[in-house]
Amino acid sequence: MTADTKRRTFLASSIATGAGLTLLPSGTLAGKGAAGKLNIALIGAYGRGRQHHHDLKTQNIVALCDVHAENMANAVKEFPNAKTYTDWRKCLEQKDLDAVVICTPDHHHAFISIWAMNRGLHVYCEKPLGECVYEARAVRDVYLKNKNKLATQHGTQRHAGSNFDRVAEMIKGGAIGELKDVHTWGSRTHDITSYLPAAGPAPETIDWEQWIGPAPMHPYNPEYFDLRPGRGCLKWNMYDDFGSWQVGDMGSHTMDLAWNAIDADRPTKIKGFGDAFNPDVCPSELTAIFTIPANHWRDQIRLAWYQGGPRPKSPNNAIDLNKIGHGAMFKGSKGVLIADFNNRILVPLGKDTSMEYYTPPHKARPPIGGFMQQWFTACKGNLKTDCDFDYAGRMIETLMLGLVAHQAGKELIYDAKTGTVTNDAAANEAQSMKKKYRDGWVLNG
C-alpha cells in the first residue's frame, strides 16, 4: 500500500464529514463424549447461557445448573438428556465432565472457575473473571498452574471481530508512532443508591440461597432480576456484592479492544474519581487512570477508563466521540487511532500526513472464527485461546484496581508481584480489593 493510498483510505471519511464522522467498517484430543465431542456442564442455563445454545449443540451438554426452575425447564427443552442441578458445587462433581461454561451472575464467576479447574475441567467463563482484585489474581494463579493441560476462555466474545486484530496490528506496527496514551470509555449509567428492601419470601421457582451463593445474604426482592425466562440478566449488576457495573460488564469488552493492542501488564499507579463512594453500589460515573509499565513499548503508557458520561478530548475536535457509545482512542507521537468494536480511523498529527513511516503488515491475521468454537478446539488439543485466564486475569485485575482507587480517593502505588497497594494500607482492605464471603463458601475449593 502506498503512502498516498494509506492517507486516502484512513482520512477520506474524516475530510468529508468532519465532526459528524461515521466510522468505516472494518493435533486433536477427543472428549469423553461420542465422536470426540466434549461433555459440558452449562451453569447458568438460560439468560446469558441461552446465547450459547447454538454453539453448545455441537458438543454434548450432559449437565445443566440453574437456580430458576422456569429457566431450567426451558433449557431442558434444548438439552433433554442433561442432568440438572441447582447447586453448581454438586454439578461439578459429575464424573463424565470435560468442561464447564459459566453464565451465572458475576459474584459466582471466580468460585466456579477455580473449583472447575481444580477438578481438571476446561473453563469458558463469562466476563468479568472476578469481582475484585483478589479474585482475578486467584483465578489467574490457578490457571497458570494448569495451563499445560487446561483450555480457558474469557467471555469477551466481541474479540472475535476482525477489528480487534486490525487495531492491534496498526498500534504495534507503528501507525501512530510511539504509543503514549490509551483512552477507553462506555456510555451506560444507573441511578441506584442502595440495596433493595425485603419483599417477602422468594417464590418456590427460585432457590434464593443458591442465587446469593458466596455473597453476604440480602433478602429477596424481585427487582434484582426479571422473573420472565431469559430476562434476569444484569438488573443486579450495579450492586457491589453481585456485580461491578460497567467496570466488569462493557468495560471488559472495551478494555479488551485496548488490552489486545497494548500487550499490557498490571499498572504501577492508579487514580480513580467520579461519583461519591457508596458501599452498596458501584459508581455510575467513574474515571480510572492507570500507569502501565513499559513492556512491548519503550516507555510507560497512560491507560484510562471512562464511564457514565466523561470522554477524552478528540484530536483537533475532528471527531465527535459522543457518537461512539463504547470505544477506544490510542494517542501516539505521530497520530491518533480511534476505534469501536467494528470500525477504526487513523488521524495523522502534524503537517506531514504522508505516513511514509508506516508499513502495514504484508499478511493480516485470518479471522479466528467462532469465539466459543476456538475454545472447543483448544479443549480438544492445542489449549490456545485469544482470551485465556492469564490475559483476562491481568485485564480484570487492572479494571478492579480502578474501583479500589475510587474508594481510596487518592493515587495508589501498586505492586503487581504481591498484589498489594504500597502507599495506603487501608486500600488493601477495600471491598474491590478483596470481598467478604458467607461462612461455608471457599474460593479455592
# chains A, B, ... in the order shown; residues from 1 in each chain; ligands from 1

$ residues_around --residues "Leu64 in chain A" --least-positions-apart "6" --cutoff "8 Å" --atoms "only C-alpha atoms" --output "ChimeraX atom specification"
/A:41-45,72,75-76,82-85,91

$ atom_distance --atom1 "CA of Ala364 in chain A" --atom2 "CA of Lys147 in chain A"
27.4 Å

$ residues_around --residues "Trp245 in chain A" --least-positions-apart "3" --cutoff "9 Å" --atoms "only C-alpha atoms" --output "ChimeraX atom specification"
/A:189-190,234,236-240,248-251,281-284

$ select_by_dssp --residues "range 81-253 of chain A" --states "helix (DSSP H, G or I)" --output "number ranges by chain"
A: 88-91, 106-118, 133-146, 157-160, 162-172, 208-212, 222-224, 245-248, 250-253

$ closest_atom_pairs --of "range 376-423 of chain A" --to "range 58-63 of chain A" --cutoff "12 Å" --atoms "only C-alpha atoms" --output "Markdown table"
| residue | atom | partner | partner_atom | distance |
| --- | --- | --- | --- | --- |
| A:Phe376 | CA | A:Gln59 | CA | 8.6 |
| A:Thr377 | CA | A:Gln59 | CA | 11.2 |
| A:Cys379 | CA | A:Gln59 | CA | 11.6 |
| A:Lys380 | CA | A:Gln59 | CA | 11.4 |

$ residues_around --residues "Met329 in chain A" --least-positions-apart "2" --cutoff "7 Å" --atoms "only C-alpha atoms" --output "ChimeraX atom specification"
/A:182-184,327,331,336-339

$ atom_distance --atom1 "CA of Thr422 in chain A" --atom2 "CA of Trp305 in chain A"
22.5 Å

$ residues_around --residues "Ala405 in chain A" --least-positions-apart "2" --cutoff "10 Å" --atoms "only C-alpha atoms" --output "short mmCIF file (atom, residue, chain, number, x, y, z; two decimals) with C-alpha atoms, in the first residue's frame"
data_model
loop_
_atom_site.label_atom_id
_atom_site.label_comp_id
_atom_site.auth_asym_id
_atom_site.auth_seq_id
_atom_site.Cartn_x
_atom_site.Cartn_y
_atom_site.Cartn_z
CA LYS A 269 -0.10 3.57 39.71
CA ILE A 270 -3.88 4.06 39.74
CA LYS A 271 -6.20 7.04 40.20
CA GLY A 272 -9.99 6.89 40.33
CA PHE A 273 -12.63 9.60 40.70
CA ALA A 288 -9.89 5.49 36.29
CA ILE A 289 -6.35 6.25 35.13
CA PHE A 290 -3.66 3.58 35.15
CA MET A 400 -10.90 -3.65 39.54
CA LEU A 401 -7.97 -1.55 40.76
CA GLY A 402 -9.83 1.43 39.30
CA LEU A 403 -12.63 0.78 41.80
CA GLN A 407 -12.81 4.17 47.10
CA ALA A 408 -9.40 5.35 48.36
CA GLY A 409 -9.80 8.80 46.85
CA LYS A 410 -6.10 9.12 46.12
CA GLU A 411 -3.44 7.90 43.72
CA LEU A 412 -2.31 4.42 44.67
CA ILE A 413 1.04 2.73 44.07
CA VAL A 421 -1.02 -1.29 47.44
CA ALA A 427 -6.70 0.35 50.32
CA ALA A 430 -11.14 -2.08 50.10
CA SER A 432 -13.00 -4.17 45.42
CA MET A 433 -9.62 -5.47 46.58
#

$ closest_residue --among "A:Gly440, A:Gly325, A:Gly36, A:Gly370" --to "Thr254 in chain A" --atoms "only C-alpha atoms"
A:Gly325

$ closest_residue --among "A:Val247, A:Ile192, A:Leu144, A:Ile396" --to "Asp280 in chain A" --atoms "only C-alpha atoms"
A:Ile192

$ closest_residue --among "A:Ile319, A:Ile368, A:Ile176, A:Val133" --to "Glu356 in chain A" --atoms "only C-alpha atoms"
A:Ile176

$ select_by_dssp --residues "range 214-373 of chain A" --states "strand (DSSP E or B)" --output "PyMOL selection string"
chain A and resi 239+269-274+281+286-292+301-307+327-332+335-339+343-348

$ write_last_selection --atoms "C-alpha atoms" --output "compact mmCIF listing (two decimals), in the first residue's frame"
# COMPACT_ATOMS: atom_id res chain seq x y z
CA TYR A 239 -24.91 -3.75 43.42
CA LYS A 269 -0.10 3.57 39.71
CA ILE A 270 -3.88 4.06 39.74
CA LYS A 271 -6.20 7.04 40.20
CA GLY A 272 -9.99 6.89 40.33
CA PHE A 273 -12.63 9.60 40.70
CA GLY A 274 -16.29 10.24 39.91
CA VAL A 281 -23.46 0.26 44.65
CA LEU A 286 -16.13 6.91 37.04
CA THR A 287 -12.78 7.84 35.55
CA ALA A 288 -9.89 5.49 36.29
CA ILE A 289 -6.35 6.25 35.13
CA PHE A 290 -3.66 3.58 35.15
CA THR A 291 0.09 3.90 34.65
CA ILE A 292 1.13 0.83 32.68
CA ILE A 301 1.77 4.20 28.97
CA ARG A 302 -1.15 6.05 30.50
CA LEU A 303 -4.35 4.00 30.18
CA ALA A 304 -7.76 5.46 31.09
CA TRP A 305 -11.30 4.12 31.51
CA TYR A 306 -14.30 6.50 31.49
CA GLN A 307 -17.91 5.57 32.22
CA GLY A 327 -14.77 2.99 22.09
CA ALA A 328 -11.03 3.41 22.40
CA MET A 329 -8.56 6.09 21.36
CA PHE A 330 -4.83 5.50 21.04
CA LYS A 331 -2.61 8.59 21.05
CA GLY A 332 0.92 8.36 19.67
CA GLY A 335 -1.09 10.06 15.03
CA VAL A 336 -4.29 9.04 16.78
CA LEU A 337 -6.31 5.89 16.16
CA ILE A 338 -9.97 5.88 17.18
CA ALA A 339 -11.94 2.64 17.19
CA ASN A 343 -14.61 0.35 12.99
CA ARG A 344 -11.41 2.37 13.10
CA ILE A 345 -9.98 5.59 11.70
CA LEU A 346 -6.43 6.92 11.79
CA VAL A 347 -5.80 10.66 12.14
CA PRO A 348 -2.16 11.71 11.48

$ decode --residues "range 46-74 of chain A" --atoms "C-alpha atoms" --output "PDB file, in the first residue's frame"
ATOM      1  CA  TYR A  46     -30.763 -19.785  30.282  1.00  0.00           C
ATOM      2  CA  GLY A  47     -30.371 -15.971  30.422  1.00  0.00           C
ATOM      3  CA  ARG A  48     -26.898 -15.284  29.018  1.00  0.00           C
ATOM      4  CA  GLY A  49     -26.391 -19.035  28.693  1.00  0.00           C
ATOM      5  CA  ARG A  50     -29.136 -19.111  26.083  1.00  0.00           C
ATOM      6  CA  GLN A  51     -26.900 -17.117  23.748  1.00  0.00           C
ATOM      7  CA  HIS A  52     -24.536 -20.085  23.669  1.00  0.00           C
ATOM      8  CA  HIS A  53     -27.099 -22.814  22.983  1.00  0.00           C
ATOM      9  CA  HIS A  54     -26.393 -22.842  19.245  1.00  0.00           C
ATOM     10  CA  ASP A  55     -22.655 -23.435  19.709  1.00  0.00           C
ATOM     11  CA  LEU A  56     -23.144 -25.834  22.592  1.00  0.00           C
ATOM     12  CA  LYS A  57     -25.361 -28.077  20.492  1.00  0.00           C
ATOM     13  CA  THR A  58     -22.253 -29.013  18.501  1.00  0.00           C
ATOM     14  CA  GLN A  59     -20.969 -30.754  21.677  1.00  0.00           C
ATOM     15  CA  ASN A  60     -22.632 -32.876  24.381  1.00  0.00           C
ATOM     16  CA  ILE A  61     -24.405 -30.934  27.126  1.00  0.00           C
ATOM     17  CA  VAL A  62     -24.539 -33.508  29.912  1.00  0.00           C
ATOM     18  CA  ALA A  63     -25.327 -31.187  32.843  1.00  0.00           C
ATOM     19  CA  LEU A  64     -27.420 -28.056  33.392  1.00  0.00           C
ATOM     20  CA  CYS A  65     -27.368 -25.910  36.515  1.00  0.00           C
ATOM     21  CA  ASP A  66     -29.747 -23.035  37.253  1.00  0.00           C
ATOM     22  CA  VAL A  67     -31.466 -21.658  40.361  1.00  0.00           C
ATOM     23  CA  HIS A  68     -34.629 -20.650  38.480  1.00  0.00           C
ATOM     24  CA  ALA A  69     -36.959 -23.573  37.759  1.00  0.00           C
ATOM     25  CA  GLU A  70     -38.665 -21.930  34.784  1.00  0.00           C
ATOM     26  CA  ASN A  71     -35.358 -21.086  33.135  1.00  0.00           C
ATOM     27  CA  MET A  72     -34.187 -24.625  33.795  1.00  0.00           C
ATOM     28  CA  ALA A  73     -37.317 -26.037  32.183  1.00  0.00           C
ATOM     29  CA  ASN A  74     -36.650 -24.023  29.032  1.00  0.00           C
TER      30      ASN A  74
END
